[in-house]
Amino acid sequence: MIRAFIFKEWLKLRWAFLGLSLLGFSFLLFTGHGLYREFAAGPAVPIWQNLVERQVMFFSGLKYFGVLAGLVTALVQWLPDTPNRGLRLQLHLPFPQMQGVGILVLCGALTVIVVCGLMIAALLLITQYFFPWPVVRSVGLTVFPWMLAGLPVYAMAGAALLDISLLRRVIYGIIGWQMASLYLAGCGYAGFEGVLGLYGLMALLMLFAPFISAERFKRGTL
Amino acid sequence: MIIESFFKKISGWVLCLSAVLVMAVVLPRMFDLAFRQGAPTPFILYSPVKDLFFLSGSTPDGQRVYRDETGRQYDRMEFMMATPLFWYRNVFAWNSMPETIQGVLITREAVEEGYQVFRYRPQDLKEPPVPLWPLLESASEFSDLRLPETMFWKDGGLVFENGLTRKKDLEMTEKVNNALSEAGFSFPVKALWGNSTTRKPHDDGYFIRDAEGSLFHLRQVRGEPVCMDTGIRGIGEIRHLAVTEDRRREFYGYLVTDDGRFHLLMQENYRVESLDLKDFDPETMGLIFMADLLGRTVVYGDEEKIYALRLGLDYHPVHSYEEERIQGLSSGASRVRSMLFPFVVQTRAEYGRGADLRLDFSDHTSFAGILFFLVLFMVIRKWWKGTFFFRLHEAALLFLFGIYGFFVLLVQIYPCFEKKGQKSLFGLR
């Protein structure tokens, strides 16, 4: 049963995974090409110094990638099953209901984590080719909270899509938006160093948000 | 069944606590935005002509005001004429510079040579976000500073990487670390301070704290690394050091020690000149240091108070002034804020760069607010549901989170969620 659940989610999420990965890698290719041209034009030290002195973020286009990944994953995963209440069928299968929802949420969250993880890894690979280690470290610490923002967005978008009350959807939407804004606060390079663990824990806990909405969805009551 | 129930419960609490978190971030900010008052920090200068501090600032309605410490008001030109050593370009252009001030002959060259300003901000205490530096030439034969081919970072010792080969420069790394060792440096490098920009008149290198807390001075002189033990002892642990690199070359920069004191690191034998700054707190207060031909002015303060100190050329206090600032919330609004919000979630590091996630608790008046929302919730509950009956989680939410818990519960018991059976906004039952 668990395998069937995962396969069903994979069928839904594979295109989102592919699309997001292509989008991210296209952006990184563009960024990498820009860096290559810049470094080919002259010595590296003035570019390094410019980054240190002016805090230039050559990867700032990735800032909202995590949010986009969370939102797209939630829409692709939940939207096909909610308008005609298709998900209710799954919730009435002879399988513990909340554990079933847990598998669905885990599949969605893993999609966000893997896509964002790939982007971080690829960005760090490009960065370490052009820059010394302290820059690679700072870039990683800067981009990680941006990607973490994808998890609360995914969780609250999922809760909002599954819920059947308009007011609750609006409130969950506001909570998701505000939670994401905490991760995207303009704190400069490595601004979240020292509190990344707390923010990471908060993002993981947020993944429990859609369960109660799924329960309401099954019952079909307010 | 236990797991099912656990998932539902934890889901409800996650939604509830995330709503509390968002409210504890947003509502106090909105309150501050609505009720915060006050004018921007006044700019304070010492007038050697009148032996008074002069202030240039704005009223809360945005009107520019120039006054002295006694409260007497001036127009802009009078203000500049009273502080001619700061506004010397204008005052010389008006041909209004006095020939002598305090018996000292005033020439444009002398004024320009004596002029220096630097600023300290509490966020400077943090390490640079990208710890990578160039070792510039301190005895350059050229008028401008050029970036070298390598940049370095600290990793126990100093590690240099060549920008052309993109590989570690082992030769330079060894040369610099040998220079440090020969000067008596104890590895690993604990802290490193310097000004990496090339947009400065000259380079004074870097100051490095070793494992034993000693301070060393590293420079590149004609292509060779030169390191010296500054011999600075007994001033406490250095928390921050800034290299100012001014044409005056009176001092290398300033340093802040862990006891909160502010010192100048003089170029003469690395002598430390400790400034006696009353109530100075480097964690919360900004500071401006202004040197002129006749003395030094230090202005520092925070949102509540601003201090100004005039020092003679020998760094002994000559005149001082302090002023309370009407900034932030009025006392009434501040009390209401404490009552309304039992705590505020701070997501920005206080007085510094970067993010944070901490609770700032209000004072004891917040208990009055909690009590108020408790009673209000009971009244509303009686009105809507006909009972004062409290559930345990409702009491916990109200007692722990005050207004935030009240709003969470209000939307939970709102009639539209109470029409049919099992339902509530956050699912807490």
# chains A, B, ... in the order shown; residues from 1 in each chain; ligands from 1
>>> closest_atom_pairs(of="chain B", to="chain A", cutoff="6 Å", atoms="only C-alpha atoms", output="CSV")
residue,atom,partner,partner_atom,distance
B:Glu4,CA,A:Met98,CA,5.3
B:Lys8,CA,A:Ile212,CA,5.6
B:Ser11,CA,A:Phe208,CA,4.8
B:Leu15,CA,A:Ala209,CA,5.7
B:Pro129,CA,A:Tyr189,CA,5.5
B:Val130,CA,A:Val52,CA,5.9
B:Gly163,CA,A:Ala44,CA,4.7
B:Leu164,CA,A:Pro43,CA,5.9
B:Gly354,CA,A:Gly191,CA,3.9
B:Ala355,CA,A:Phe192,CA,5.1
B:Lys423,CA,A:Leu222,CA,5.7
>>> write_last_selection(atoms="N, CA and C atoms", output="tab-separated table (two decimals), in the first residue's frame")
chain	number	residue	atom	x	y	z
B	4	GLU	N	-2.41	8.10	15.02
B	4	GLU	CA	-3.41	8.94	14.33
B	4	GLU	C	-3.74	10.16	15.17
B	8	LYS	N	-2.91	14.31	14.58
B	8	LYS	CA	-3.94	15.36	14.59
B	8	LYS	C	-3.60	16.42	15.62
B	11	SER	N	-0.56	18.46	14.62
B	11	SER	CA	-0.91	19.32	13.49
B	11	SER	C	-1.64	20.57	13.99
B	15	LEU	N	-0.17	24.46	13.79
B	15	LEU	CA	-0.92	25.57	13.18
B	15	LEU	C	-1.12	26.70	14.19
B	129	PRO	N	30.90	39.12	7.14
B	129	PRO	CA	30.17	37.95	6.64
B	129	PRO	C	30.97	37.13	5.64
B	130	VAL	N	31.87	37.78	4.90
B	130	VAL	CA	32.74	37.01	3.98
B	130	VAL	C	34.18	37.28	4.42
B	163	GLY	N	44.66	34.50	-7.23
B	163	GLY	CA	43.51	34.78	-8.09
B	163	GLY	C	43.74	34.44	-9.55
B	164	LEU	N	44.98	34.28	-9.95
B	164	LEU	CA	45.27	33.94	-11.35
B	164	LEU	C	45.23	32.43	-11.56
B	354	GLY	N	22.08	40.57	10.50
B	354	GLY	CA	21.69	39.17	10.49
B	354	GLY	C	20.36	38.88	11.15
B	355	ALA	N	20.02	37.58	11.10
B	355	ALA	CA	18.72	37.14	11.60
B	355	ALA	C	18.86	36.60	13.02
B	423	LYS	N	-15.06	20.61	14.65
B	423	LYS	CA	-14.48	21.65	13.81
B	423	LYS	C	-13.86	22.74	14.68
>>> atom_distance(atom1="atom CA of Arg296 of chain B", atom2="atom CA of Leu311 of chain B")
5.0 Å
>>> residues_around(residues="segment 282-294 of chain B", least_positions_apart="2", cutoff="9 Å", atoms="only C-alpha atoms", output="number ranges by chain")
B: 45, 48, 85-86, 101-102, 104, 106, 110-123, 125, 256, 260-262, 280, 296-303, 312-313, 350-352
>>> residues_around(residues="Ala4 of chain A", least_positions_apart="6", cutoff="12 Å", atoms="only C-alpha atoms", output="JSON, numbers by chain")
{"A": [10, 11, 90, 93, 95, 100, 103, 104]}
>>> write_last_selection(atoms="N, CA and C atoms", output="PDB file, in the first residue's frame")
ATOM      1  N   TRP A  10       4.484  10.029  -7.013  1.00  0.00           N
ATOM      2  CA  TRP A  10       5.557  10.213  -7.991  1.00  0.00           C
ATOM      3  C   TRP A  10       4.977  10.565  -9.354  1.00  0.00           C
ATOM      4  N   LEU A  11       3.866   9.895  -9.728  1.00  0.00           N
ATOM      5  CA  LEU A  11       3.232  10.197 -11.022  1.00  0.00           C
ATOM      6  C   LEU A  11       2.819  11.673 -11.087  1.00  0.00           C
ATOM      7  N   GLN A  90      -8.852   7.997  -1.165  1.00  0.00           N
ATOM      8  CA  GLN A  90      -7.624   7.502  -0.543  1.00  0.00           C
ATOM      9  C   GLN A  90      -7.740   7.518   0.984  1.00  0.00           C
ATOM     10  N   LEU A  93      -9.415   4.436   2.408  1.00  0.00           N
ATOM     11  CA  LEU A  93      -8.825   3.115   2.165  1.00  0.00           C
ATOM     12  C   LEU A  93      -8.526   2.421   3.501  1.00  0.00           C
ATOM     13  N   PHE A  95      -6.319   1.756   5.424  1.00  0.00           N
ATOM     14  CA  PHE A  95      -4.945   2.107   5.809  1.00  0.00           C
ATOM     15  C   PHE A  95      -5.064   3.288   6.765  1.00  0.00           C
ATOM     16  N   GLY A 100      -1.275   7.689   6.090  1.00  0.00           N
ATOM     17  CA  GLY A 100      -1.397   7.864   4.635  1.00  0.00           C
ATOM     18  C   GLY A 100      -1.092   9.307   4.257  1.00  0.00           C
ATOM     19  N   ILE A 103       2.542   9.978   4.473  1.00  0.00           N
ATOM     20  CA  ILE A 103       3.328   9.545   3.306  1.00  0.00           C
ATOM     21  C   ILE A 103       3.217  10.575   2.180  1.00  0.00           C
ATOM     22  N   LEU A 104       2.001  11.099   2.005  1.00  0.00           N
ATOM     23  CA  LEU A 104       1.816  12.103   0.935  1.00  0.00           C
ATOM     24  C   LEU A 104       2.657  13.355   1.227  1.00  0.00           C
TER      25      LEU A 104
END
>>> atom_distance(atom1="atom CA of Leu55 of chain B", atom2="atom CA of Met77 of chain B")
13.3 Å
>>> residues_around(residues="Ala93 of chain B", least_positions_apart="6", cutoff="12 Å", atoms="only C-alpha atoms", output="ChimeraX atom specification")
/B:80-81,84,87,108
>>> atom_distance(atom1="atom CA of Gly173 of chain A", atom2="atom CA of Val14 of chain B")
14.7 Å
>>> residues_around(residues="Arg358 of chain B", least_positions_apart="4", cutoff="8 Å", atoms="only C-alpha atoms", output="NGL selection string")
:B and (345-347)
>>> select_by_dssp(residues="chain A", states="alpha helix (DSSP H)", output="PyMOL selection string")
chain A and resi 2-40+45-54+65-78+86-91+97-130+133-148+150-162+166-183+196-206+210-219
>>> closest_residue(among="B:Arg146, B:Arg335, B:Arg222, B:His316", to="His364 of chain B", atoms="only C-alpha atoms")
B:Arg335
>>> closest_atom_pairs(of="segment 7-74 of chain A", to="segment 108-114 of chain A", cutoff="7 Å", atoms="only C-alpha atoms", output="Markdown table")
| residue | atom | partner | partner_atom | distance |
| --- | --- | --- | --- | --- |
| A:Phe17 | CA | A:Thr111 | CA | 6.5 |
| A:Ala69 | CA | A:Val112 | CA | 5.9 |
| A:Gly70 | CA | A:Val112 | CA | 6.0 |
| A:Thr73 | CA | A:Gly108 | CA | 6.3 |
>>> write_last_selection(atoms="all heavy atoms", output="mmCIF file, in the first residue's frame")
data_model
loop_
_atom_site.group_PDB
_atom_site.id
_atom_site.type_symbol
_atom_site.label_atom_id
_atom_site.label_comp_id
_atom_site.auth_asym_id
_atom_site.auth_seq_id
_atom_site.Cartn_x
_atom_site.Cartn_y
_atom_site.Cartn_z
ATOM 1 N N PHE A 17 8.904 18.103 -10.403
ATOM 2 C CA PHE A 17 10.318 17.901 -10.066
ATOM 3 C C PHE A 17 11.201 18.245 -11.266
ATOM 4 O O PHE A 17 12.180 18.993 -11.149
ATOM 5 C CB PHE A 17 10.516 16.439 -9.650
ATOM 6 C CG PHE A 17 11.922 16.103 -9.278
ATOM 7 C CD1 PHE A 17 12.418 16.423 -8.025
ATOM 8 C CD2 PHE A 17 12.767 15.476 -10.181
ATOM 9 C CE1 PHE A 17 13.722 16.127 -7.684
ATOM 10 C CE2 PHE A 17 14.080 15.179 -9.844
ATOM 11 C CZ PHE A 17 14.553 15.502 -8.598
ATOM 12 N N ALA A 69 9.353 26.486 -5.420
ATOM 13 C CA ALA A 69 9.354 25.016 -5.360
ATOM 14 C C ALA A 69 8.257 24.524 -4.418
ATOM 15 O O ALA A 69 7.517 23.582 -4.743
ATOM 16 C CB ALA A 69 10.722 24.516 -4.899
ATOM 17 N N GLY A 70 8.133 25.168 -3.253
ATOM 18 C CA GLY A 70 7.107 24.764 -2.280
ATOM 19 C C GLY A 70 5.710 24.944 -2.835
ATOM 20 O O GLY A 70 4.833 24.073 -2.713
ATOM 21 N N THR A 73 5.007 22.527 -5.884
ATOM 22 C CA THR A 73 4.838 21.145 -5.400
ATOM 23 C C THR A 73 3.469 20.974 -4.739
ATOM 24 O O THR A 73 2.762 19.987 -4.998
ATOM 25 C CB THR A 73 5.960 20.786 -4.401
ATOM 26 O OG1 THR A 73 7.208 21.077 -5.014
ATOM 27 C CG2 THR A 73 5.919 19.335 -4.005
#
